[in-house]
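Peer 1: Pasting in a structure now, in structure tokens, and then I'll have a few things to ask.
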Amino acid sequence: MKRAIVLVLDSFGIGAAADAEQFGDHGSDTLGNIAKACQQGKADLVDESGHRSRKGPLHLPNLGKLGLFHAHHASTGQVAAGVSLPTEVIGSYGYANEISTGKDTPSGHWELAGVPVLFEWGYFPEREHSFPQSLVNDLVSQAKLPGILGNCHASGTTILEQLGEEHVRTGMPICYTSADSVFQIAAHEEHFGLDRLYQLCEVARELLMPYNIGRVIARPFVGGEDTGEGVTEFVRTGNRRDYSIEPPSATVLQKLVDEQQGEVVSIGKIADIYAHCGITHKVKATGMEALFEATLNELERAGDNTLIMTNFVDFDSSFGHRRNIAGYAAELEAFDRRLPELLAKLSPNDLLILTADHGCDPSWPGTEHTREHIPVLCLGARLEAGSLGERATFADVGQSLAAYFGTSPMDYGTAFL
Ligand SMILES: O=P(O)(O)O[C@H]1O[C@H](CO)[C@@H](O)[C@H]1O
Ligand SMILES: [Mn+2]
Ligand SMILES: [Mn+2]
């Protein structure tokens, strides 16, 4: 029986890539800089509910056993601060370079699935009125809007503080972008309406095709109610939806479905990222714990020729982009605590791959992703414990999956099994 489980810890980079300088990211290191802050006592967290309290050096014993810190050491030449390299490693570990032109989520995921993005995405310039006026005019008229707010580069939580109230008052959606190839639309779930936001995103998706924009993202939020004791904060909900263009050629997901009649189970935003291509079953879940739970459930019912792929988005969207080092550390530790449950469910022939799609160093200036190596931690399926070395492309993961499932080979990547 062949079953692969690919867990993408969104934004969990393990050291600046060789070309990081070109992205302004030389010196970034998501894992290393989190570990450093933890060791310096700068990432202690006391949560009122007690769920996410943490203190002192970064404690990831299970990821360590899979070879995370060895992979980070190989990537950076340094042992993560406050960590001693575990003597017992059960996983096959390495780190991979990205050959795609961008450091965004679709590029990272598609390359992981064997299809790097070698063309240039379209981007919007960082200035007032980032979007072309004709695009704004078309969106306003086709979606019958009173206008739009934002029209700039922004962090998605900051812009809610700035424009959330005006949005509720005027009914104008908040449109913003970033260093990624994205067009994001934030709107209040009740005042504007969730379905209406999704419809608006579909209109935008169509209009943005000539601009070569990778994703339109619906960013619904709630809040702003007057409770008598003050107005509640605006908070984003789990109803985010990504409208990606389709990958330029068949990913290993698609090949598994087409050539082997396999099953591809998407957990979290995986299906959205691959524009629903090569997905046979979708499971939505919000938050790391629920995503993990869903992964365990799907593994329980998975049969032969099944690929389960989960995206743990919160590392990126709740902590990396928010530059919340302590929160990121606590989330990693919580993830690590769940790992033994997953390992206990694996059969010897199953293949587990833990990896990431780009970095988002929470200690780095700004709020954008960082160009980093990603970890490739594997367990199971004919693999011996030990180093997989430096991998030239994330596509080595896709090529290895192709080899594992016996599909035709991918055009990029070298299999490590
Ligand atoms: O600041 P928020 O809205 O989280 O947006 C971030 O998330 C987007 C998609 O992952 C990135 O392009 C970045 O802009
Ligand atoms: Mn991502
Ligand atoms: Mn992101």
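Labeling convention for the structure tokens: chains A, B, ... as they appear, residues from 1 per chain, ligands from 1 in order of appearance.
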How would you report the residues lying within 8 Å of ligand 2, as JSON, numbers by chain, if you count only C-alpha atoms and all ligand atoms?
Peer 2: {"A": [10, 11, 104, 105, 106, 108, 109, 313, 316, 356, 357, 358, 359]}
Peer 1: Once DSSP has gone over the backbone, tell me which residues of range 145-328 of chain A are in strand (DSSP E), as a PyMOL selection string.
Peer 2: chain A and resi 149-153+174-177+182-188+215-222+235-236+241-244+263-267+281-283+306-312
Peer 1: Produce a table with one row for each residue of chain A that has an atom at most 6 Å from any atom of ligand 1, each row naming the nearest atom pair and its distance in Å at one decimal; use only C-alpha atoms and all ligand atoms; arrange rows by chain and rising residue number; format as CSV.
Peer 2:
residue,atom,partner,partner_atom_place_in_ligand_line,distance
A:Ser155,CA,ligand 1,1 (O),3.6
A:Gly156,CA,ligand 1,3 (O),3.1
A:Ser178,CA,ligand 1,14 (O),4.5
A:Asp180,CA,ligand 1,12 (O),4.7
A:Val182,CA,ligand 1,12 (O),5.8
A:Ser317,CA,ligand 1,4 (O),4.9
A:His321,CA,ligand 1,4 (O),5.9
Peer 1: Restricting the output to N, CA and C atoms, write the selected residues as a PDB file, in the first residue's frame.
Peer 2:
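Saved to selection-v6.pdb:
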ATOM      1  N   SER A 155      -0.339  45.428   5.216  1.00  0.00           N
ATOM      2  CA  SER A 155      -0.482  44.224   6.040  1.00  0.00           C
ATOM      3  C   SER A 155      -1.978  44.077   6.304  1.00  0.00           C
ATOM      4  N   GLY A 156      -2.471  42.865   6.152  1.00  0.00           N
ATOM      5  CA  GLY A 156      -3.915  42.633   6.200  1.00  0.00           C
ATOM      6  C   GLY A 156      -4.589  42.945   7.521  1.00  0.00           C
ATOM      7  N   SER A 178       0.610  43.152  -1.907  1.00  0.00           N
ATOM      8  CA  SER A 178       1.863  43.038  -1.138  1.00  0.00           C
ATOM      9  C   SER A 178       2.990  42.809  -2.138  1.00  0.00           C
ATOM     10  N   ASP A 180       3.936  40.071  -2.938  1.00  0.00           N
ATOM     11  CA  ASP A 180       3.503  38.894  -3.695  1.00  0.00           C
ATOM     12  C   ASP A 180       2.610  39.320  -4.852  1.00  0.00           C
ATOM     13  N   VAL A 182      -0.479  39.283  -5.680  1.00  0.00           N
ATOM     14  CA  VAL A 182      -1.817  39.085  -5.092  1.00  0.00           C
ATOM     15  C   VAL A 182      -2.697  40.325  -5.221  1.00  0.00           C
ATOM     16  N   SER A 317       0.240  33.192   8.360  1.00  0.00           N
ATOM     17  CA  SER A 317      -0.680  34.328   8.396  1.00  0.00           C
ATOM     18  C   SER A 317      -0.908  34.870   9.807  1.00  0.00           C
ATOM     19  N   HIS A 321       3.721  36.777   9.137  1.00  0.00           N
ATOM     20  CA  HIS A 321       3.398  38.117   8.617  1.00  0.00           C
ATOM     21  C   HIS A 321       3.138  39.124   9.734  1.00  0.00           C
TER      22      HIS A 321
END
Peer 1: List as an mmCIF file with N, CA and C atoms, in the first residue's frame the protein and nucleic acid residues near range 254-266 of chain A, meaning an atom at most 6 Å away when only C-alpha atoms are counted, but skip any in the same chain fewer than 2 places from it.
Peer 2:
data_model
loop_
_atom_site.group_PDB
_atom_site.id
_atom_site.type_symbol
_atom_site.label_atom_id
_atom_site.label_comp_id
_atom_site.auth_asym_id
_atom_site.auth_seq_id
_atom_site.Cartn_x
_atom_site.Cartn_y
_atom_site.Cartn_z
ATOM 1 N N ALA A 250 1.038 19.778 -15.500
ATOM 2 C CA ALA A 250 0.511 18.812 -14.533
ATOM 3 C C ALA A 250 1.468 18.629 -13.351
ATOM 4 N N THR A 251 0.958 18.826 -12.165
ATOM 5 C CA THR A 251 1.749 18.579 -10.950
ATOM 6 C C THR A 251 1.724 17.083 -10.648
ATOM 7 N N VAL A 252 2.507 16.679 -9.675
ATOM 8 C CA VAL A 252 2.499 15.259 -9.298
ATOM 9 C C VAL A 252 1.134 14.868 -8.732
ATOM 10 N N ILE A 270 -4.824 23.842 0.549
ATOM 11 C CA ILE A 270 -4.115 23.157 -0.548
ATOM 12 C C ILE A 270 -4.916 23.220 -1.862
ATOM 13 N N ALA A 271 -6.189 22.852 -1.811
ATOM 14 C CA ALA A 271 -6.991 22.818 -3.044
ATOM 15 C C ALA A 271 -7.019 24.190 -3.712
ATOM 16 N N GLY A 278 -6.104 18.341 -9.714
ATOM 17 C CA GLY A 278 -5.464 17.164 -9.133
ATOM 18 C C GLY A 278 -5.883 16.914 -7.694
ATOM 19 N N ILE A 279 -7.069 17.358 -7.330
ATOM 20 C CA ILE A 279 -7.580 17.142 -5.965
ATOM 21 C C ILE A 279 -8.842 16.294 -6.084
ATOM 22 N N THR A 280 -8.938 15.226 -5.291
ATOM 23 C CA THR A 280 -10.152 14.400 -5.366
ATOM 24 C C THR A 280 -11.031 14.554 -4.130
ATOM 25 N N HIS A 281 -10.477 15.102 -3.071
ATOM 26 C CA HIS A 281 -11.257 15.218 -1.833
ATOM 27 C C HIS A 281 -10.746 16.435 -1.062
ATOM 28 N N LYS A 282 -11.677 17.253 -0.566
ATOM 29 C CA LYS A 282 -11.263 18.488 0.137
ATOM 30 C C LYS A 282 -11.798 18.496 1.560
ATOM 31 N N ASN A 305 -2.535 4.268 -2.885
ATOM 32 C CA ASN A 305 -2.352 5.352 -3.857
ATOM 33 C C ASN A 305 -3.004 6.660 -3.422
ATOM 34 N N THR A 306 -2.800 6.984 -2.164
ATOM 35 C CA THR A 306 -3.381 8.229 -1.643
ATOM 36 C C THR A 306 -2.289 9.200 -1.217
ATOM 37 N N LEU A 307 -2.462 10.436 -1.634
ATOM 38 C CA LEU A 307 -1.603 11.524 -1.162
ATOM 39 C C LEU A 307 -2.464 12.451 -0.312
ATOM 40 N N ILE A 308 -2.050 12.632 0.931
ATOM 41 C CA ILE A 308 -2.719 13.593 1.811
ATOM 42 C C ILE A 308 -1.796 14.791 1.929
ATOM 43 N N MET A 309 -2.328 15.971 1.654
ATOM 44 C CA MET A 309 -1.483 17.158 1.726
ATOM 45 C C MET A 309 -2.169 18.209 2.578
#
Peer 1: Please, what distance in Å, to one decimal, runs between CA of Thr393 in chain A and CA of Ala96 in chain A?
Peer 2: 5.6 Å
Peer 1: Just the residues within 7 Å of Leu60 in chain A, please, counting only C-alpha atoms, with nothing from its chain fewer than 2 positions along; format it as a PyMOL selection string.
Peer 2: chain A and resi 58+62-64+333+336
Peer 1: Fewer than 5 positions away in the same chain doesn't count, so skip those; otherwise give me all residues within 7 Å of Asn311 in chain A, counting only C-alpha atoms, as JSON, numbers by chain.
Peer 2: {"A": [7, 8, 9, 10, 267, 268, 269, 270]}
Peer 1: In terms of the shortest atom-to-atom distance over only C-alpha atoms and all ligand atoms, which of A:Gln199, A:Lys103, A:Asn297, A:Ser400 is closest to ligand 3?
Peer 2: A:Lys103
Peer 1: Write out as a ChimeraX atom specification each polymer residue whose atoms come within 10 Å of range 72-80 of chain A, counting only C-alpha atoms; drop sequence neighbours fewer than 2 positions from it.
Peer 2: /A:13-18,27,29,31-36,39,57-58,67-70,82-85,93-97,372-375,387,389-390
Peer 1: Convert the current residue selection to file output with C-alpha atoms, as a PDB file, in the first residue's frame.
Peer 2:
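This went into again_9.pdb:
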ATOM      1  CA  GLY A  13      12.105  28.553   6.373  1.00  0.00           C
ATOM      2  CA  ILE A  14      15.393  27.272   7.804  1.00  0.00           C
ATOM      3  CA  GLY A  15      17.941  29.824   6.631  1.00  0.00           C
ATOM      4  CA  ALA A  16      18.521  32.387   3.897  1.00  0.00           C
ATOM      5  CA  ALA A  17      18.812  30.998   0.378  1.00  0.00           C
ATOM      6  CA  ALA A  18      21.889  31.675  -1.765  1.00  0.00           C
ATOM      7  CA  GLY A  27      20.443  36.949   6.863  1.00  0.00           C
ATOM      8  CA  ASP A  29      16.273  32.601   9.029  1.00  0.00           C
ATOM      9  CA  LEU A  31      13.768  28.905  12.503  1.00  0.00           C
ATOM     10  CA  GLY A  32      17.151  30.295  13.538  1.00  0.00           C
ATOM     11  CA  ASN A  33      15.900  33.739  14.510  1.00  0.00           C
ATOM     12  CA  ILE A  34      12.947  32.308  16.429  1.00  0.00           C
ATOM     13  CA  ALA A  35      15.344  30.002  18.311  1.00  0.00           C
ATOM     14  CA  LYS A  36      17.628  32.954  19.050  1.00  0.00           C
ATOM     15  CA  GLN A  39      17.125  31.500  23.964  1.00  0.00           C
ATOM     16  CA  PRO A  57      14.689  27.910  24.607  1.00  0.00           C
ATOM     17  CA  LEU A  58      12.739  26.553  21.658  1.00  0.00           C
ATOM     18  CA  GLY A  67      16.298  15.904  11.698  1.00  0.00           C
ATOM     19  CA  LEU A  68      15.020  19.507  11.718  1.00  0.00           C
ATOM     20  CA  PHE A  69      17.984  20.976  13.568  1.00  0.00           C
ATOM     21  CA  HIS A  70      20.463  18.923  11.556  1.00  0.00           C
ATOM     22  CA  GLY A  82      19.600  27.129  22.728  1.00  0.00           C
ATOM     23  CA  VAL A  83      19.348  23.793  20.957  1.00  0.00           C
ATOM     24  CA  SER A  84      21.675  20.816  21.107  1.00  0.00           C
ATOM     25  CA  LEU A  85      21.668  18.591  18.062  1.00  0.00           C
ATOM     26  CA  TYR A  93      16.546  15.247   6.448  1.00  0.00           C
ATOM     27  CA  GLY A  94      17.757  17.903   4.080  1.00  0.00           C
ATOM     28  CA  TYR A  95      17.101  21.439   2.938  1.00  0.00           C
ATOM     29  CA  ALA A  96      15.972  22.652  -0.449  1.00  0.00           C
ATOM     30  CA  ASN A  97      16.492  25.702  -2.644  1.00  0.00           C
ATOM     31  CA  GLU A 372      14.860  30.859   2.433  1.00  0.00           C
ATOM     32  CA  HIS A 373      15.729  27.218   2.251  1.00  0.00           C
ATOM     33  CA  ILE A 374      12.916  24.929   3.295  1.00  0.00           C
ATOM     34  CA  PRO A 375      13.256  21.814   5.438  1.00  0.00           C
ATOM     35  CA  SER A 387      21.165  13.310   5.516  1.00  0.00           C
ATOM     36  CA  GLY A 389      21.946  16.906   1.771  1.00  0.00           C
ATOM     37  CA  GLU A 390      21.268  20.129  -0.090  1.00  0.00           C
TER      38      GLU A 390
END
Peer 1: When you count only C-alpha atoms and all ligand atoms, which of these residues is closest to ligand 3: A:Glu384, A:Glu166, A:Asp242, A:Asp44?
Peer 2: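 So, comparing all the options, the nearest one is A:Asp242.
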Peer 1: Env of Ser249 in chain A: 12 Å cut, atoms = only C-alpha atoms, seq-sep filter 5 positions within chain, self excluded. Answer as number ranges by chain.
Peer 2: A: 110-111, 113-118, 254-255, 274, 277-278, 410-412
Peer 1: Write a file of the selected residues as a PDB file, in the first residue's frame, keeping C-alpha atoms.
Peer 2:
ATOM      1  CA  TRP A 110       3.761  24.151  -7.213  1.00  0.00           C
ATOM      2  CA  GLU A 111       7.526  23.688  -7.106  1.00  0.00           C
ATOM      3  CA  ALA A 113       4.729  19.326  -6.572  1.00  0.00           C
ATOM      4  CA  GLY A 114       7.328  19.297  -9.350  1.00  0.00           C
ATOM      5  CA  VAL A 115       6.274  22.403 -11.292  1.00  0.00           C
ATOM      6  CA  PRO A 116       8.467  25.423 -10.535  1.00  0.00           C
ATOM      7  CA  VAL A 117       7.310  28.877 -11.637  1.00  0.00           C
ATOM      8  CA  LEU A 118       9.990  30.007 -14.080  1.00  0.00           C
ATOM      9  CA  GLN A 254      -2.560  15.619 -11.116  1.00  0.00           C
ATOM     10  CA  LYS A 255      -0.395  12.745 -12.357  1.00  0.00           C
ATOM     11  CA  TYR A 274      -3.519  24.289  -6.835  1.00  0.00           C
ATOM     12  CA  CYS A 277      -6.383  20.722 -10.121  1.00  0.00           C
ATOM     13  CA  GLY A 278      -5.464  17.164  -9.133  1.00  0.00           C
ATOM     14  CA  MET A 410       8.358  15.260 -13.483  1.00  0.00           C
ATOM     15  CA  ASP A 411      10.350  17.622 -15.725  1.00  0.00           C
ATOM     16  CA  TYR A 412      12.180  19.066 -12.717  1.00  0.00           C
TER      17      TYR A 412
END
Peer 1: Using only C-alpha atoms and all ligand atoms, pick whichever of A:Pro220, A:Gly56, A:Gly214, A:Gly320 has the shortest atom-to-atom distance to ligand 3.
Peer 2: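 That would be A:Gly320, the residue with the smallest distance to ligand 3.
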Peer 1: Among range 272-327 of chain A, which residues carry a DSSP assignment of alpha helix (DSSP H), reported as a list in words?
Peer 2: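 The alpha helix (DSSP H) residues within range 272-327 of chain A come out as Asp272, Ile273, Met288, Glu289, Ala290, Leu291, Phe292, Glu293, Ala294, Thr295, Leu296, Asn297, Glu298, Leu299, Glu300, Arg301, Asp314, Ile325, Ala326 and Gly327 of chain A.
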Peer 1: In Å to one decimal, how far is CA of Arg371 in chain A from CA of Leu351 in chain A?
Peer 2: 27.0 Å
Peer 1: In Å, with one decimal, what is the gap from CA of Leu339 in chain A to CA of Arg241 in chain A?
Peer 2: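 Interatomic distance, CA of Leu339 in chain A to CA of Arg241 in chain A: 27.2 Å.
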